[in-house]
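Undergrad: Input protein-v8.pdb, format and content: PDB, C-alpha atoms, pLDDT in the B column.
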```
ATOM      1  CA  VAL G   8      -0.471   6.061   0.507  1.00 97.00           C
ATOM      2  CA  TYR G   9       1.017   2.686  -0.273  1.00 98.00           C
ATOM      3  CA  ILE G  10      -0.086  -0.746  -1.350  1.00 98.00           C
ATOM      4  CA  ILE G  11       1.792  -3.903  -0.520  1.00 98.00           C
ATOM      5  CA  GLN G  12       1.160  -7.339  -1.979  1.00 97.00           C
ATOM      6  CA  SER G  13       1.569 -10.605  -0.135  1.00 98.00           C
ATOM      7  CA  ARG G  14       3.854 -13.064  -1.864  1.00 97.00           C
ATOM      8  CA  ALA G  15       2.122 -15.775   0.144  1.00 96.00           C
ATOM      9  CA  ASP G  16      -1.340 -15.389  -1.402  1.00 96.00           C
ATOM     10  CA  GLY G  17      -1.315 -12.342  -3.714  1.00 96.00           C
ATOM     11  CA  SER G  18      -3.611 -10.258  -1.524  1.00 96.00           C
ATOM     12  CA  PHE G  19      -3.173  -6.510  -1.190  1.00 97.00           C
ATOM     13  CA  TYR G  20      -2.938  -4.279   1.868  1.00 97.00           C
ATOM     14  CA  LYS G  21      -3.476  -0.528   1.564  1.00 97.00           C
ATOM     15  CA  GLY G  22      -2.077   1.927   4.083  1.00 97.00           C
ATOM     16  CA  PHE G  23      -0.720   5.368   4.834  1.00 96.00           C
ATOM     17  CA  SER G  24       2.824   6.198   5.859  1.00 96.00           C
ATOM     18  CA  GLU G  25       5.223   9.096   5.533  1.00 95.00           C
ATOM     19  CA  ASP G  26       7.971   6.489   4.981  1.00 96.00           C
ATOM     20  CA  PRO G  27       6.562   3.539   3.005  1.00 96.00           C
ATOM     21  CA  LEU G  28       9.904   1.717   2.776  1.00 96.00           C
ATOM     22  CA  ARG G  29      10.306   1.721   6.565  1.00 97.00           C
ATOM     23  CA  ARG G  30       6.675   0.646   6.896  1.00 97.00           C
ATOM     24  CA  LEU G  31       7.290  -2.273   4.510  1.00 98.00           C
ATOM     25  CA  VAL G  32      10.099  -3.472   6.782  1.00 97.00           C
ATOM     26  CA  GLN G  33       7.717  -3.304   9.745  1.00 97.00           C
ATOM     27  CA  HIS G  34       5.118  -5.375   7.870  1.00 97.00           C
ATOM     28  CA  ASN G  35       7.738  -7.976   6.927  1.00 98.00           C
ATOM     29  CA  ASN G  36       9.043  -8.112  10.518  1.00 97.00           C
ATOM     30  CA  GLY G  37       5.562  -9.037  11.731  1.00 96.00           C
ATOM     31  CA  GLU G  38       5.078  -5.722  13.539  1.00 96.00           C
ATOM     32  CA  SER G  39       1.560  -5.320  12.131  1.00 93.00           C
ATOM     33  CA  HIS G  40      -0.929  -7.824  13.520  1.00 92.00           C
ATOM     34  CA  TYR G  41      -3.189  -7.550  10.461  1.00 92.00           C
ATOM     35  CA  THR G  42      -0.457  -8.389   7.924  1.00 96.00           C
ATOM     36  CA  SER G  43       1.755 -10.735   9.950  1.00 96.00           C
ATOM     37  CA  ALA G  44       0.033 -13.908   8.729  1.00 96.00           C
ATOM     38  CA  LYS G  45       0.760 -13.176   5.067  1.00 97.00           C
ATOM     39  CA  ILE G  46       4.501 -12.374   5.161  1.00 97.00           C
ATOM     40  CA  PRO G  47       6.464 -11.696   2.965  1.00 98.00           C
ATOM     41  CA  TRP G  48       5.141  -8.460   1.445  1.00 98.00           C
ATOM     42  CA  THR G  49       6.313  -6.476  -1.586  1.00 98.00           C
ATOM     43  CA  LEU G  50       5.784  -2.745  -2.033  1.00 98.00           C
ATOM     44  CA  VAL G  51       3.858  -2.427  -5.316  1.00 98.00           C
ATOM     45  CA  TYR G  52       2.346   1.080  -5.210  1.00 97.00           C
ATOM     46  CA  VAL G  53       3.139   4.482  -3.719  1.00 97.00           C
ATOM     47  CA  GLU G  54       1.203   7.693  -4.345  1.00 97.00           C
ATOM     48  CA  LEU G  55       2.205  11.032  -2.852  1.00 96.00           C
ATOM     49  CA  LEU G  56      -0.525  13.390  -1.712  1.00 96.00           C
ATOM     50  CA  PRO G  57      -0.178  17.003  -0.556  1.00 96.00           C
ATOM     51  CA  THR G  58      -1.490  16.549   2.989  1.00 96.00           C
ATOM     52  CA  LYS G  59      -2.009  13.803   5.555  1.00 95.00           C
ATOM     53  CA  LYS G  60      -5.745  14.466   5.361  1.00 97.00           C
ATOM     54  CA  ASP G  61      -5.709  13.936   1.585  1.00 97.00           C
ATOM     55  CA  ALA G  62      -3.704  10.735   2.028  1.00 96.00           C
ATOM     56  CA  LEU G  63      -6.122   9.315   4.592  1.00 96.00           C
ATOM     57  CA  ILE G  64      -9.078  10.112   2.335  1.00 97.00           C
ATOM     58  CA  ARG G  65      -7.302   8.398  -0.576  1.00 97.00           C
ATOM     59  CA  GLU G  66      -6.428   5.381   1.571  1.00 96.00           C
ATOM     60  CA  LYS G  67     -10.081   4.994   2.556  1.00 97.00           C
ATOM     61  CA  ALA G  68     -11.099   5.116  -1.123  1.00 97.00           C
ATOM     62  CA  LEU G  69      -8.450   2.542  -2.102  1.00 97.00           C
ATOM     63  CA  LYS G  70      -9.771   0.103   0.486  1.00 95.00           C
ATOM     64  CA  LYS G  71     -12.960  -0.122  -1.625  1.00 96.00           C
ATOM     65  CA  TYR G  72     -11.096  -0.939  -4.861  1.00 97.00           C
ATOM     66  CA  SER G  73     -11.447  -4.367  -6.438  1.00 96.00           C
ATOM     67  CA  HIS G  74      -8.450  -6.599  -7.089  1.00 94.00           C
ATOM     68  CA  MET G  75      -8.555  -5.635 -10.785  1.00 96.00           C
ATOM     69  CA  GLN G  76      -8.760  -1.906  -9.974  1.00 97.00           C
ATOM     70  CA  ILE G  77      -5.684  -2.258  -7.764  1.00 97.00           C
ATOM     71  CA  LYS G  78      -3.775  -4.079 -10.519  1.00 95.00           C
ATOM     72  CA  ASN G  79      -4.648  -1.283 -12.970  1.00 96.00           C
ATOM     73  CA  LEU G  80      -3.596   1.355 -10.445  1.00 96.00           C
ATOM     74  CA  ILE G  81      -0.214  -0.355  -9.987  1.00 96.00           C
ATOM     75  CA  LEU G  82       0.370   0.013 -13.740  1.00 95.00           C
ATOM     76  CA  SER G  83      -0.767   3.656 -13.810  1.00 95.00           C
ATOM     77  CA  ASP G  84       1.272   6.855 -13.980  1.00 92.00           C
ATOM     78  CA  LYS G  85       0.252   7.677 -10.394  1.00 91.00           C
ATOM     79  CA  ASN G  86       2.513   4.909  -9.102  1.00 96.00           C
ATOM     80  CA  ILE G  87       5.904   6.279  -8.022  1.00 94.00           C
ATOM     81  CA  VAL G  88       7.179   3.108  -6.339  1.00 90.00           C
ATOM     82  CA  THR G  89      10.112   2.844  -8.767  1.00 80.00           C
ATOM     83  CA  GLN G  90      11.253   6.359  -7.786  1.00 75.00           C
ATOM     84  CA  LEU G  91      11.832   5.448  -4.132  1.00 71.00           C
TER      85      LEU G  91
END
```
For this file, produce the structure as structure tokens.

TA:
Amino acid sequence: VYIIQSRADGSFYKGFSEDPLRRLVQHNNGESHYTSAKIPWTLVYVELLPTKKDALIREKALKKYSHMQIKNLILSDKNIVTQL
């Protein structure tokens, strides 16, 4: 799962991808209707999960997180974004 943050307004978008860096490029190229209005985006969080099913369950849970919970998650040990 990944989280990107809009540099336009600071909002977060949570998603699933097997290649979050490629997906970030797609978001910034306007290839996602939902995120195209808030370009540019920065990849701020990546968490690896063992299966696609686990990742989709985690993504669904993250969508319920508050802004503060997301900020705390970005600072947590679960975040491997710097390892990409």

Undergrad: Can you tell me, as a list in words, what residues are no more than 8 Å from Ser24 of chain G when counting all atoms listed in the file, ignoring any on the same chain fewer than 5 positions away?

TA: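 Residues near the query, excluding close chain neighbours: Val8, Tyr9 and Arg30 of chain G.
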
Undergrad: Any chance you could work out the residue set of the PyMOL selection byres ((chain G and resi 17) around 12) here, as a list in words?

TA: Ile10, Ile11, Gln12, Ser13, Arg14, Ala15, Asp16, Ser18, Phe19, Tyr20, Lys45, Ile46, Pro47, Trp48, Thr49, Val51, His74, Ile77 and Lys78 of chain G

Undergrad: Rounded to one decimal in Å, what is the spacing between atom CA of Lys85 of chain G and atom CA of Leu31 of chain G?

TA: 19.3 Å

Undergrad: When the PyMOL selection byres ((chain G and resi 86) around 12) is applied to the file above, which residues end up in the set, as an mmCIF file with C-alpha atoms, keeping the file's coordinate frame?

TA:
```
data_model
loop_
_atom_site.group_PDB
_atom_site.id
_atom_site.type_symbol
_atom_site.label_atom_id
_atom_site.label_comp_id
_atom_site.auth_asym_id
_atom_site.auth_seq_id
_atom_site.Cartn_x
_atom_site.Cartn_y
_atom_site.Cartn_z
ATOM 1 C CA VAL G 8 -0.471 6.061 0.507
ATOM 2 C CA TYR G 9 1.017 2.686 -0.273
ATOM 3 C CA ILE G 10 -0.086 -0.746 -1.350
ATOM 4 C CA LEU G 50 5.784 -2.745 -2.033
ATOM 5 C CA VAL G 51 3.858 -2.427 -5.316
ATOM 6 C CA TYR G 52 2.346 1.080 -5.210
ATOM 7 C CA VAL G 53 3.139 4.482 -3.719
ATOM 8 C CA GLU G 54 1.203 7.693 -4.345
ATOM 9 C CA LEU G 55 2.205 11.032 -2.852
ATOM 10 C CA LEU G 56 -0.525 13.390 -1.712
ATOM 11 C CA ILE G 77 -5.684 -2.258 -7.764
ATOM 12 C CA LYS G 78 -3.775 -4.079 -10.519
ATOM 13 C CA ASN G 79 -4.648 -1.283 -12.970
ATOM 14 C CA LEU G 80 -3.596 1.355 -10.445
ATOM 15 C CA ILE G 81 -0.214 -0.355 -9.987
ATOM 16 C CA LEU G 82 0.370 0.013 -13.740
ATOM 17 C CA SER G 83 -0.767 3.656 -13.810
ATOM 18 C CA ASP G 84 1.272 6.855 -13.980
ATOM 19 C CA LYS G 85 0.252 7.677 -10.394
ATOM 20 C CA ILE G 87 5.904 6.279 -8.022
ATOM 21 C CA VAL G 88 7.179 3.108 -6.339
ATOM 22 C CA THR G 89 10.112 2.844 -8.767
ATOM 23 C CA GLN G 90 11.253 6.359 -7.786
ATOM 24 C CA LEU G 91 11.832 5.448 -4.132
#
```

Undergrad: Within 12 Å of Lys67 of chain G, counting all atoms listed in the file, which residues show up once you throw out same-chain ones fewer than 2 positions away? Write them as a list in words, please.

TA: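 Result of the neighbour search: Val8, Tyr9, Tyr20, Lys21, Gly22, Phe23, Lys60, Asp61, Ala62, Leu63, Ile64, Arg65, Leu69, Lys70, Lys71 and Tyr72 of chain G.
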
Undergrad: Please compute the atom CA of Val32 of chain G-atom CA of Met75 of chain G distance, one decimal, in Å.

TA: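 About the pair atom CA of Val32 of chain G and atom CA of Met75 of chain G: they are 25.7 Å apart.
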
Undergrad: Centre and edge lengths of an axis-aligned box around all listed atoms of segment 44-56 of chain G, with 6 Å added on each side, are to be given in Å to one decimal, as lines of an AutoDock Vina configuration file.

TA:
```
center_x = 3.0
center_y = -0.3
center_z = 1.7
size_x = 19.0
size_y = 39.3
size_z = 26.0
```

Undergrad: What is the distance between atom CA of Lys59 of chain G and atom CA of Asp26 of chain G, in Å to one decimal?

TA: 12.4 Å
